[in-house]
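my_file-v3.csv follows (CSV, C-alpha atoms):
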chain,number,residue,atom,x,y,z
A,1,MET,CA,104.3,38.8,19.7
A,2,PRO,CA,101.3,40.6,21.2
A,3,LYS,CA,98.2,38.7,22.0
A,4,ILE,CA,94.7,39.9,21.3
A,5,SER,CA,91.2,38.6,22.2
A,6,VAL,CA,88.3,38.6,19.8
A,7,GLU,CA,84.7,37.3,19.9
A,8,ILE,CA,83.8,35.0,17.0
A,9,PRO,CA,80.4,33.5,16.3
A,10,ALA,CA,80.3,29.8,16.8
A,11,GLU,CA,79.5,29.0,13.2
A,12,LEU,CA,82.6,31.0,12.0
A,13,LEU,CA,84.8,29.3,14.6
A,14,ALA,CA,83.6,25.9,13.5
A,15,ASP,CA,84.4,26.8,9.8
A,16,LEU,CA,87.8,28.0,10.9
A,17,ASP,CA,88.4,24.8,12.8
A,18,ASP,CA,87.7,22.7,9.7
A,19,HIS,CA,90.9,24.2,8.2
A,20,VAL,CA,93.1,23.6,11.3
A,21,GLY,CA,94.9,20.5,12.5
A,22,ASP,CA,96.5,17.5,10.9
A,23,ASP,CA,94.1,17.4,8.0
A,24,GLY,CA,93.8,21.2,7.6
A,25,LYS,CA,95.7,23.9,6.0
A,26,PHE,CA,96.9,25.5,9.2
A,27,VAL,CA,98.8,24.2,12.3
A,28,ASN,CA,96.6,26.1,14.8
A,29,ARG,CA,93.9,28.8,15.0
A,30,SER,CA,96.5,31.6,15.5
A,31,ASP,CA,98.2,30.6,12.2
A,32,ALA,CA,94.9,30.6,10.4
A,33,VAL,CA,93.8,34.0,11.9
A,34,ARG,CA,97.2,35.6,11.0
A,35,ALA,CA,97.1,34.3,7.5
A,36,SER,CA,93.5,35.6,7.1
A,37,ILE,CA,94.4,39.0,8.4
A,38,ARG,CA,97.4,39.3,6.1
A,39,LYS,CA,95.4,38.2,3.1
A,40,ASN,CA,92.6,40.7,3.9
A,41,LEU,CA,95.1,43.6,4.3
A,42,ASP,CA,96.8,42.7,1.0
A,43,LEU,CA,93.4,42.7,-0.7
A,44,LEU,CA,92.4,46.1,0.8
A,45,ASP,CA,95.7,47.5,-0.4
A,46,GLU,CA,95.1,46.2,-3.9
A,47,ILE,CA,91.7,47.9,-3.9
A,48,ASP,CA,93.1,51.1,-2.6
A,49,ALA,CA,95.8,51.0,-5.2
A,50,ARG,CA,93.3,50.6,-8.0
A,51,HIS,CA,91.4,53.6,-6.7
A,52,ASP,CA,94.6,55.7,-6.2
A,53,ARG,CA,93.9,55.9,-2.4
A,54,LEU,CA,97.3,54.7,-1.2
A,55,ASP,CA,99.5,57.2,0.6
A,56,GLU,CA,102.9,56.9,-1.1
A,57,ASP,CA,104.7,57.6,2.2
A,58,ALA,CA,102.7,55.2,4.4
A,59,PRO,CA,104.0,51.6,4.9
A,60,SER,CA,101.9,49.1,3.0
A,61,THR,CA,101.2,45.4,3.5
A,62,ALA,CA,101.3,44.9,-0.3
A,63,ALA,CA,103.9,45.8,-2.9
A,64,GLY,CA,101.4,47.9,-4.9
A,65,SER,CA,101.7,46.1,-8.2
A,66,ALA,CA,99.8,43.4,-10.1
A,67,THR,CA,102.4,40.8,-9.0
A,68,GLU,CA,102.4,41.8,-5.4
A,69,ALA,CA,102.8,39.3,-2.7
A,70,THR,CA,99.7,37.7,-1.3
A,71,VAL,CA,99.1,35.1,1.4
A,72,GLY,CA,98.2,31.7,0.1
A,73,ASP,CA,96.1,29.1,1.9
A,74,SER,CA,99.2,27.8,3.7
A,75,GLY,CA,99.7,31.2,5.4
A,76,THR,CA,102.9,31.8,3.5
A,77,ARG,CA,103.5,34.7,1.2
A,78,GLU,CA,103.6,33.9,-2.5
A,79,SER,CA,103.4,35.8,-5.8
A,80,ALA,CA,99.9,36.6,-7.0
A,81,GLU,CA,101.0,35.1,-10.4
A,82,GLU,CA,101.4,31.7,-8.6
A,83,THR,CA,97.9,31.7,-7.2
A,84,ASP,CA,94.5,31.5,-8.8
A,85,GLU,CA,93.2,34.5,-6.9
Would you encode the structure as structure tokens?
Amino acid sequence: MPKISVEIPAELLADLDDHVGDDGKFVNRSDAVRASIRKNLDLLDEIDARHDRLDEDAPSTAAGSATEATVGDSGTRESAEETDE
């Protein structure tokens, strides 16, 4: 898996760290960042689908329907019907 480096404001990193660890939703920062990216990409695909901006031939991070897979707080993919989002 490739590694990347990003600069994050201290306040945002502190908020992220509140969700990481034994009492948090994520095992580590990388897990939290991957889940956030997946969720954001799925959301963008949903918005593009609603505005007919998806390229039918291009690969998508989302299934393109109302019940498409989204990333839950645990970082695992689950049906949109199973979430409150």
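Here CA of Asn28 in chain A is placed at a distance of 17.4 Å from CA of Glu11 in chain A.
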Could you tell me how far CA of His19 in chain A lies from CA of Ala32 in chain A, in Å and to one decimal?
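Here the two named atoms are 7.9 Å from each other.
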Do you have the CA of Leu13 in chain A-CA of Met1 in chain A distance handy?
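Computing the Euclidean distance for CA of Leu13 in chain A and CA of Met1 in chain A yields 22.3 Å.
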Write out as a PDB file with C-alpha atoms, in the frame of the given file each polymer residue whose atoms come within 12 Å of Gly21 in chain A, counting all atoms listed in the file; drop sequence neighbours fewer than 5 positions from it.
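Result saved to selection.pdb:
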ATOM      1  CA  LEU A  16      87.800  28.000  10.900  1.00  0.00           C
ATOM      2  CA  PHE A  26      96.900  25.500   9.200  1.00  0.00           C
ATOM      3  CA  VAL A  27      98.800  24.200  12.300  1.00  0.00           C
ATOM      4  CA  ASN A  28      96.600  26.100  14.800  1.00  0.00           C
ATOM      5  CA  ARG A  29      93.900  28.800  15.000  1.00  0.00           C
ATOM      6  CA  SER A  30      96.500  31.600  15.500  1.00  0.00           C
ATOM      7  CA  ASP A  31      98.200  30.600  12.200  1.00  0.00           C
ATOM      8  CA  ALA A  32      94.900  30.600  10.400  1.00  0.00           C
TER       9      ALA A  32
END
Of the candidates A:Leu54, A:Val33, A:Leu41, A:Ile47, which shows the shortest atom-to-atom distance to Lys3 in chain A, using only C-alpha atoms?
A:Val33
